[in-house]
Structures are given as C-alpha cells and as structure tokens.
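Asker: Take this structure first; my questions come after.
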Amino acid sequence: MTSTSTSRWVTPAGLVPVLIASVLFVYFAQMIPAIAAGDALRFVWAWVPSLGVNVSFLVDGLSLTFALLITGIGALVMLYSARYLAGHEHQARFSLFLTSFMLAMLGVVLSDNLLGLFVFWELTTITSYLLIGFGHASPKSRRSALQALLVTGVGGLALLAAIIMIGNVAGTFELSEIRAMPAVLTESALYLPILILVLLGTFTKSAQIPFHFWLPNAMAAPTPVSAYLHSATMVKAGVYLMARMHPSLSGTEVWLWTLTIAGAITMVFASVMALRQTDLKQALAYTTLMALGALTLLLGNDTAYTITAAATFLIVHSLYKAALFLVVGIIDHQTGTRDADKLFGLAPSMPITAAAAGIAALSMAGFPPFLGFIGKELKYAGAIAVASEPILVAGAVLIASALMVAIAGIVSFRPFWSKSGEPLPNITEAPWPMLAGPLILALLGAIFGIFPDLMANTLVNPTVDAILAGAEEARPLKLWAGVNLPLMLSIATFVLGFTIYYYKIALRNWLIDLVNRSPSFDRGWDNLLAGLLAACKWQTRVIQTGVLRRYMFLTFATALAALAGTLLLKDVALPPINVPDVTIADWLVFLLVLLGTALTAATSSRIAAIAGLGVVGIGIAMIFILYSAPDVAITQLLVETLIVVLFAAAALRLPHLGAEPLRSRPWDALLAVGLGVATTAVLLVVTAGQIDLELTAFFQTASWPQAFGQNIVNVILVDFRALDTFGEIAVVLVAAISIYALLKSKPEKDET
C-alpha cells in the first residue's frame, strides 16, 4: 500500500472509533480474572429515587462475554470500516452511527435495571435504523431500514409492557434482585402475559420466525454493518435477554416448548433458505438466522449441557460469522460482485483472504480442531439431553448443521478454489486494515479449538453460571470426548453436508422454484403496510374533512361514547340525589351561565360568541368563590379576560362567521345534552363513593417541606407538575406564534 492510500483512511473519523472500542475492550478484559473467580461487579447511581429507578450496571459472566464480543469485534470492524469507507463523503457520519450503536449495545448487556435496559434497547433500534439506511439514496436501503425499525420497534413496545408488569409483580426493576427471587414470576398469575410480551420483544429483535424477514433485507447495509450488527451484536440482543431472564422465566412447559419449537423451525428454515442464495452476503444472513434459532432452542432448556452448548456456540458463531462477513466484504470490494456464480479461483490473487475464509468456514462447518467442532459436539450433546423430545431437537440440529457444511463450502471453497469458471482479471489482495479483522477472528476460532480451556475458564463457565444462577456447573469443553453419539452425529453431518454441496445447483433451482410459488413473509409485510395505509386514508377522508365544527363534534361524541359506554357496560346504578339548599346566589349564577350559553349558541358574531363564553367563565369563577376557592376563581377570571381580549383582537382580522346551517343545530343540542347528562352521572357516581384522599394528604403534608409553598394548587402546578406546566406553556406559545404568523400573512394575489 502506498503512502497516499494510507493517508486516505488515517483520519479522525476512521481511527477514533477504533481507539474507543479498543480502550473499552481492554477495560473489560481486565475484569476477566475477577469474573472467572465467581465475582460479580455492580455499579449503581440513583436516577429517579422516588420511583426506585436506578442507573445500575452489572458485570457477570454473561454480560462480560457480550461486552468483550461487542468491543473486540467492534474494534476490528471499525478498523475495517476505516479503510472500506475511505474517501466516502459520509464516513464521519457512519463512524458516529456505528460507535453510538456499540455504546447502546453495551448498555443493553450491562444494565441491571430493566427500565435502563429498555432505554438502551430502543437506542439500538434507532441506531441500527440509521446504519441499515446509511445508503439513503437507495430505495432498497430506506425500505429495509424502515422495516427493521417497525418490526423491532413493535417488539420494543411489547417488551416495555412486560417490564412494567415485571416491576409490579416483583416490586423491583433490578435484574439482580429479580434473579434472587427465581419463582416470583413463574408463580405469578401474570406469568403467561409477561412471557408472551418478553418473547415478542426478543423474537422480533433476534429475528425468529415469523419475524425473521427483516434480517436478510437488512443486508442492504454496508458490509461492516452486517458483520457487526448481524453477527455479535444487535440480533443477539434478544438472545441476551432470553439468557438474562432464564432464571426467572424458565422451567415451565410454555417456556420449553415455545423456545424449542420456534428455535427448531427458524434453524431448519433458515438453513434451507441459505442454500437458495447466490449472493454470498444473503447466504450468510440466513446462516445467522440459523444460529439465532439454535441459540433460542438451546435456551429453552435448563440442563447444563444445553446451556454450555448455548454459551459456547454464542462465541463460536460471533467469531466465524464476523470473519466471513468481512471476507465477503473484501471480495465485493476487490472484485465488484458477491455473486457466487461469478467468483472462481480467487486464492492465487487473494491468498490471505482465502486463508481467513477457509479457517472461518471450517469452524462454521464444525471440523476439528476448530472451535466450531466443539460447539457442534456440545449442541448434539445438549440436544440429546433434552428430556422431552431429544429426537426432534437432535434431528433439527443435524439438518441445520449439515446445511451449514454445504454453505461453508459455497462461501469459502467455491470463490477461492473452484476452477469451474474463468477467474476475474486484475484482482489484488485487500489492504491490511481490511485483512486484520477476518484473519484475527478466524485464528481465534482455531486457537480456542486447540486450547479450549482458555475460553472455558474465562468466558464459557462464568456465562453458564450466570444463566443457570449457579444451579449446575458448566460441562467441560473437549476437542476429543471419545467415541460417542455426538461424534456419530458429527460424522453423519459431514456426509450429509458433502452430499448437499455436491447437489447444490439442483437443490438451489428446486428451492428457487418452490419459494417463488409459496407465500412470502416479506410480501405479506408489504401487504400489511399497504392495508394500514389504505385504512389511514379512509379514516382521513371520513374524519379530517377540514371543517372545524366536525372535528369538535367528533371529539365530544367520542367523549360521550366513552362516558356513557362505561356507565352502561359496568351497569352502574345512580345514587339517590340529595338536593342541597339552593340560595338566591346559586340561582343568579345558574341564570348567568345559562344566558351566556344561549348567547354563544344563538349568535352569528364571533365577538358576541366569545363574550358569551366569557360570561360562562365568569359564572364558573363565581361558583368557585361561593365554595371557598378564591385562588382558583382569580385564575379563572384572569384566563377568561385574557381569552376574550386576545380573541377580540384576532377576530377583527377574520371574515364574517356567517349563519350556521339549521340542520346541524338539533344534533349539536342532542350531543350537548347527552354529554352534560353523562358527565353529571359520572360525577354523581364518583362523589357518592369513597374518595381516595392519599394524594390530597400527600400534597398537604409535602407542599411546604418540599416545595416551600403554602398554596397547594400553585405548588402542584409549578413544582410537583412543573414539567407538565412547562409543556402546556410551550404548546400555548407555539400556538400563539402560529396564529400570529397566520394573521400577519398576506393572501396570494390571483394572477389569472
């Protein structure tokens, strides 16, 4: 590489993210000895003490493993990106998005507070949307980004509902405290809705069927995004949460069968769909789905073998998948294509890339002595250990693993070593910043396979301990565990995998034809959005007519339906009405309000109408005075006076009101009477019952000690509900500015 090409990528936008990720990796790496010894580190800062909400972070085996994967792979991907996007006009923006995503993912895996976890969870949704849609000029990128945002965003809302329910049931949002009460959720009457909502959140994030379709479409993002988000980070956020909630939600038939069935279907389906792809990046995307399905399946059980297999495969997949994504990016960068049917004999021109691809693919296929072999053996051992359906689980793992052998050959052997086509001319090796990532990650898969204790003692065992909450110890990682059933299944995997690879063209053509004739989840999503859009357009035509009177009528009609419907559905009986002694002052106020109402309804003058409403407001203020609330009465009078003055000034610039159509008056009167009767009935029912005065007592006792005010109403407005008041003031200010702008605007002259 020349000095000129080197200077192109040695920029702050390229190197600062690498430095941040590297420093964080070193910071977390120095925690390994303490975590491996069985300790857990917790950091807590009070956030909203009155609600018991803290900013708290927990570092145990599970969170540390994810943190090391996020920062370690992140540093290599960012180094790769610095060269991959060198000279791009938006490289700084890309680096900001990618670094922000890394920090958000760290927040997800380290947060010990469920509310804090949710905040970071949504930040990963937003930043991944920005990353997937980085090539915003492309309609495909915009569509894929929006699809990922909507699918994972809906799951996020479900997760928020689950978090609120968990907090109510457990009495805390701290995960470490919930973990100390293992049966508090499973024995709750709300367990099933909590589980459904949690799994909706995790399944959408980790792309389990039927929410899988967004992940392959997300390959519209630049290759560094695919390598990072879809190997070790975003798509594994759902897996992380299932693992984190495992001590609190597992152990039931619903948990077992839901995760087992969903994981098995996703695993087999994704493996088959990967064989159909000719785009190497798309093939890797579907193998990512396969891995997520396998992790979901394994987490559905609570045996030491299955959880050890899950912890090991989590690391195995992150290493080889990130390496292979980066390799595919190199191929695309150097050749201009990712089509497997156009790539042959690249190894002589790209020997280092070919070596990295070969090592990573051998780990992916599960060949010894690579870490993937140990992970595959453990998956088989875990599948056999499933007491309920070992044959079903082991069969699903066998089919998926055999297909992974074939895909590994398509991704690594065919582009570099196949001589069945003409190699592309003038191909050169990639620069070292792009080679460092895949080569290091691939070699780690080989080193950990030869020396498995390096990973077992530092990462796998603490992770298993965190997931099982110390109930069982992790199973040992062995490169050679003797002649046993998992070994026989491994041999069957290789035989079946080689057979599939040999017939890959025929199988691919058959799958393409089958998929083209089958319903598509992706097309179904488009139809769903089209249906929602059509419903919104219909609703807009019906409701948003541009007539203010209709808006008011529909608003009050909706309020009437809500009030009257509640009374009727609840079969509420009205209490006896005790008419108090009515004084002359009461009658005068009533007459004043009645006259103001009549004037407002009958006049065709805006000034007279607002004056009539002002009279009604003054009557309400007088009621406050009669019932010993002078401060509220003063506020009411000031507001009414201000409204009358301002509206009168504005009305001088408005056209004449005109006569209201007579046909609408009976409907208006009927609605007004109905709403008045319903409101009166609700007030009678409420005042007849026992009123909870807890808030009243709180404000009475807290107004002076906490807010230093004796006027309780004022204290509520400007202190206890200061943000609400600020928001209301902001709304009024924005409305006033808008009205002023409309009044000052001049109508356009008709030039015709």
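Following the order of the structure tokens, chains are lettered A, B, ..., residues in each are numbered from 1, and ligands are numbered from 1.
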Which residues come within 9 Å of Met290 in chain A, counting only C-alpha atoms, excluding same-chain residues fewer than 4 positions away, as a PyMOL selection string?
Answerer: chain A and resi 263-264+266-271+274+285-286+294-295+400+404
Asker: Give the helix (DSSP H, G or I) residues of range 462-603 of chain A, as DSSP finds them on the backbone, and put them as a ChimeraX atom specification.
Answerer: /A:462-468,485-502,504-516,521-543,548-569,584-602
Asker: Nearest to Phe66 in chain A: which of A:Leu459, A:Ile331, A:Ile307, A:Ile391 is it, counting only C-alpha atoms?
Answerer: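 Checking each candidate against Phe66 in chain A, we get A:Leu459 as the closest.
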Asker: Range 28-36 of chain A: which residues within 6 Å, counting only C-alpha atoms, same-chain residues fewer than 3 positions away excluded, as a PyMOL selection string?
Answerer: chain A and resi 25+39+458+462
Asker: Using the selection just defined, write its residues with N, CA and C atoms as a PDB file, in the first residue's frame.
Answerer:
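Contents of the output file out25.pdb:
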ATOM      1  N   PHE A  25     -12.450  -2.473  25.209  1.00  0.00           N
ATOM      2  CA  PHE A  25     -12.123  -3.898  25.252  1.00  0.00           C
ATOM      3  C   PHE A  25     -11.084  -4.182  26.332  1.00  0.00           C
ATOM      4  N   ASP A  39     -16.903 -13.736  40.971  1.00  0.00           N
ATOM      5  CA  ASP A  39     -17.406 -12.455  41.462  1.00  0.00           C
ATOM      6  C   ASP A  39     -18.334 -11.831  40.430  1.00  0.00           C
ATOM      7  N   THR A 458     -12.456 -18.723  31.250  1.00  0.00           N
ATOM      8  CA  THR A 458     -12.585 -17.272  31.302  1.00  0.00           C
ATOM      9  C   THR A 458     -13.957 -16.765  30.877  1.00  0.00           C
ATOM     10  N   PRO A 462     -18.208 -18.899  33.408  1.00  0.00           N
ATOM     11  CA  PRO A 462     -18.934 -17.808  34.064  1.00  0.00           C
ATOM     12  C   PRO A 462     -20.264 -17.479  33.390  1.00  0.00           C
TER      13      PRO A 462
END
Asker: Which residue, A:Leu149, A:Ser63, A:Leu324, A:Ser248, has the smallest gap to Val169 in chain A when you use only C-alpha atoms?
Answerer: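 Using only C-alpha atoms, Val169 in chain A sits closest to A:Ser248.
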Asker: Just give me the gap between CA of Leu292 in chain A and CA of Ser206 in chain A in Å, one decimal is fine.
Answerer: 6.6 Å
Asker: Could you work out how far CA of Ser56 in chain A lies from CA of Asn113 in chain A, giving the answer in Å with one decimal?
Answerer: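 Interatomic distance here is 5.8 Å.
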Asker: Under the rule of at most 12 Å, produce a per-residue listing of range 434-508 of chain A near range 343-358 of chain A: chain, number, name, the closest pair of atoms, and the distance in Å, as JSON lines, using only C-alpha atoms.
Answerer:
{"residue": "A:Met434", "atom": "CA", "partner": "A:Thr353", "partner_atom": "CA", "distance": 9.4}
{"residue": "A:Leu435", "atom": "CA", "partner": "A:Thr353", "partner_atom": "CA", "distance": 6.8}
{"residue": "A:Ala436", "atom": "CA", "partner": "A:Ala356", "partner_atom": "CA", "distance": 9.5}
{"residue": "A:Gly437", "atom": "CA", "partner": "A:Ala356", "partner_atom": "CA", "distance": 9.3}
{"residue": "A:Pro438", "atom": "CA", "partner": "A:Ala356", "partner_atom": "CA", "distance": 5.9}
{"residue": "A:Leu439", "atom": "CA", "partner": "A:Ala356", "partner_atom": "CA", "distance": 4.9}
{"residue": "A:Ile440", "atom": "CA", "partner": "A:Ala356", "partner_atom": "CA", "distance": 8.3}
{"residue": "A:Leu441", "atom": "CA", "partner": "A:Ala356", "partner_atom": "CA", "distance": 8.4}
{"residue": "A:Ala442", "atom": "CA", "partner": "A:Ala356", "partner_atom": "CA", "distance": 5.8}
{"residue": "A:Leu443", "atom": "CA", "partner": "A:Ala356", "partner_atom": "CA", "distance": 7.7}
{"residue": "A:Leu444", "atom": "CA", "partner": "A:Ala356", "partner_atom": "CA", "distance": 10.8}
{"residue": "A:Gly445", "atom": "CA", "partner": "A:Ala356", "partner_atom": "CA", "distance": 10.6}
{"residue": "A:Ala446", "atom": "CA", "partner": "A:Ala356", "partner_atom": "CA", "distance": 10.8}
Asker: Enumerate, in order of chain and increasing residue number, the residues of range 230-289 of chain A with an atom no farther than 9 Å from range 504-525 of chain A, each with its shortest atom pair and distance in Å to one decimal, counting only C-alpha atoms, as a Markdown table.
Answerer:
| residue | atom | partner | partner_atom | distance |
| --- | --- | --- | --- | --- |
| A:Val272 | CA | A:Leu511 | CA | 8.2 |
| A:Met273 | CA | A:Leu511 | CA | 7.7 |
| A:Leu275 | CA | A:Arg508 | CA | 6.2 |
| A:Arg276 | CA | A:Arg508 | CA | 4.7 |
| A:Gln277 | CA | A:Arg508 | CA | 7.6 |
| A:Thr278 | CA | A:Arg508 | CA | 8.8 |
Asker: Please write the residues from the selection above to a file, keeping all heavy atoms, as a PDB file, in the first residue's frame.
Answerer:
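Contents of part_32.pdb, freshly written:
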ATOM      1  N   VAL A 272     -32.178 -23.993   5.103  1.00  0.00           N
ATOM      2  CA  VAL A 272     -32.643 -24.340   3.759  1.00  0.00           C
ATOM      3  C   VAL A 272     -32.626 -23.107   2.860  1.00  0.00           C
ATOM      4  O   VAL A 272     -32.188 -23.154   1.701  1.00  0.00           O
ATOM      5  CB  VAL A 272     -34.054 -24.953   3.832  1.00  0.00           C
ATOM      6  CG1 VAL A 272     -34.633 -25.142   2.426  1.00  0.00           C
ATOM      7  CG2 VAL A 272     -34.016 -26.288   4.565  1.00  0.00           C
ATOM      8  N   MET A 273     -33.091 -21.961   3.398  1.00  0.00           N
ATOM      9  CA  MET A 273     -33.138 -20.736   2.601  1.00  0.00           C
ATOM     10  C   MET A 273     -31.739 -20.241   2.257  1.00  0.00           C
ATOM     11  O   MET A 273     -31.528 -19.618   1.219  1.00  0.00           O
ATOM     12  CB  MET A 273     -33.905 -19.656   3.359  1.00  0.00           C
ATOM     13  CG  MET A 273     -35.397 -19.927   3.478  1.00  0.00           C
ATOM     14  SD  MET A 273     -36.217 -19.987   1.871  1.00  0.00           S
ATOM     15  CE  MET A 273     -36.072 -18.287   1.358  1.00  0.00           C
ATOM     16  N   LEU A 275     -29.258 -22.061   1.381  1.00  0.00           N
ATOM     17  CA  LEU A 275     -28.799 -22.826   0.224  1.00  0.00           C
ATOM     18  C   LEU A 275     -29.346 -22.248  -1.076  1.00  0.00           C
ATOM     19  O   LEU A 275     -28.748 -22.415  -2.140  1.00  0.00           O
ATOM     20  CB  LEU A 275     -29.225 -24.287   0.378  1.00  0.00           C
ATOM     21  CG  LEU A 275     -28.631 -25.288  -0.611  1.00  0.00           C
ATOM     22  CD1 LEU A 275     -27.120 -25.376  -0.427  1.00  0.00           C
ATOM     23  CD2 LEU A 275     -29.275 -26.664  -0.414  1.00  0.00           C
ATOM     24  N   ARG A 276     -30.449 -21.528  -0.992  1.00  0.00           N
ATOM     25  CA  ARG A 276     -31.093 -20.966  -2.183  1.00  0.00           C
ATOM     26  C   ARG A 276     -30.352 -19.741  -2.720  1.00  0.00           C
ATOM     27  O   ARG A 276     -30.488 -19.396  -3.886  1.00  0.00           O
ATOM     28  CB  ARG A 276     -32.529 -20.584  -1.824  1.00  0.00           C
ATOM     29  CG  ARG A 276     -33.280 -19.795  -2.873  1.00  0.00           C
ATOM     30  CD  ARG A 276     -34.684 -19.451  -2.386  1.00  0.00           C
ATOM     31  NE  ARG A 276     -35.383 -18.584  -3.316  1.00  0.00           N
ATOM     32  CZ  ARG A 276     -35.372 -17.257  -3.254  1.00  0.00           C
ATOM     33  NH1 ARG A 276     -34.694 -16.649  -2.294  1.00  0.00           N
ATOM     34  NH2 ARG A 276     -36.043 -16.530  -4.126  1.00  0.00           N
ATOM     35  N   GLN A 277     -29.539 -19.084  -1.871  1.00  0.00           N
ATOM     36  CA  GLN A 277     -28.964 -17.791  -2.228  1.00  0.00           C
ATOM     37  C   GLN A 277     -27.728 -17.937  -3.118  1.00  0.00           C
ATOM     38  O   GLN A 277     -26.923 -18.845  -2.942  1.00  0.00           O
ATOM     39  CB  GLN A 277     -28.571 -17.019  -0.960  1.00  0.00           C
ATOM     40  CG  GLN A 277     -29.662 -16.945   0.086  1.00  0.00           C
ATOM     41  CD  GLN A 277     -30.943 -16.335  -0.436  1.00  0.00           C
ATOM     42  OE1 GLN A 277     -30.913 -15.340  -1.160  1.00  0.00           O
ATOM     43  NE2 GLN A 277     -32.069 -16.940  -0.073  1.00  0.00           N
ATOM     44  N   THR A 278     -27.596 -17.013  -4.060  1.00  0.00           N
ATOM     45  CA  THR A 278     -26.356 -16.897  -4.827  1.00  0.00           C
ATOM     46  C   THR A 278     -25.525 -15.716  -4.337  1.00  0.00           C
ATOM     47  O   THR A 278     -24.310 -15.685  -4.552  1.00  0.00           O
ATOM     48  CB  THR A 278     -26.647 -16.719  -6.324  1.00  0.00           C
ATOM     49  OG1 THR A 278     -27.482 -15.572  -6.505  1.00  0.00           O
ATOM     50  CG2 THR A 278     -27.360 -17.943  -6.880  1.00  0.00           C
TER      51      THR A 278
END
Asker: Please identify all polymer residues within 12 Å of Val26 in chain A, counting only C-alpha atoms, omitting same-chain residues fewer than 3 positions from it, and present them as a count of residues only.
Answerer: 16
Asker: Any idea what's packed within 6 Å of range 224-235 of chain A, counting only C-alpha atoms, ignoring anything in its chain fewer than 6 positions away? Could you give it as a VMD selection string?
Answerer: chain A and resid 77 205 to 206 318 321 to 322 325
Asker: From the set A:Gly167, A:Val685, A:Glu174, A:Asp692, which residue has the shortest atom-to-atom contact distance to Leu190 in chain A, counting only C-alpha atoms?
Answerer: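 Result for the nearest residue to Leu190 in chain A: A:Gly167.
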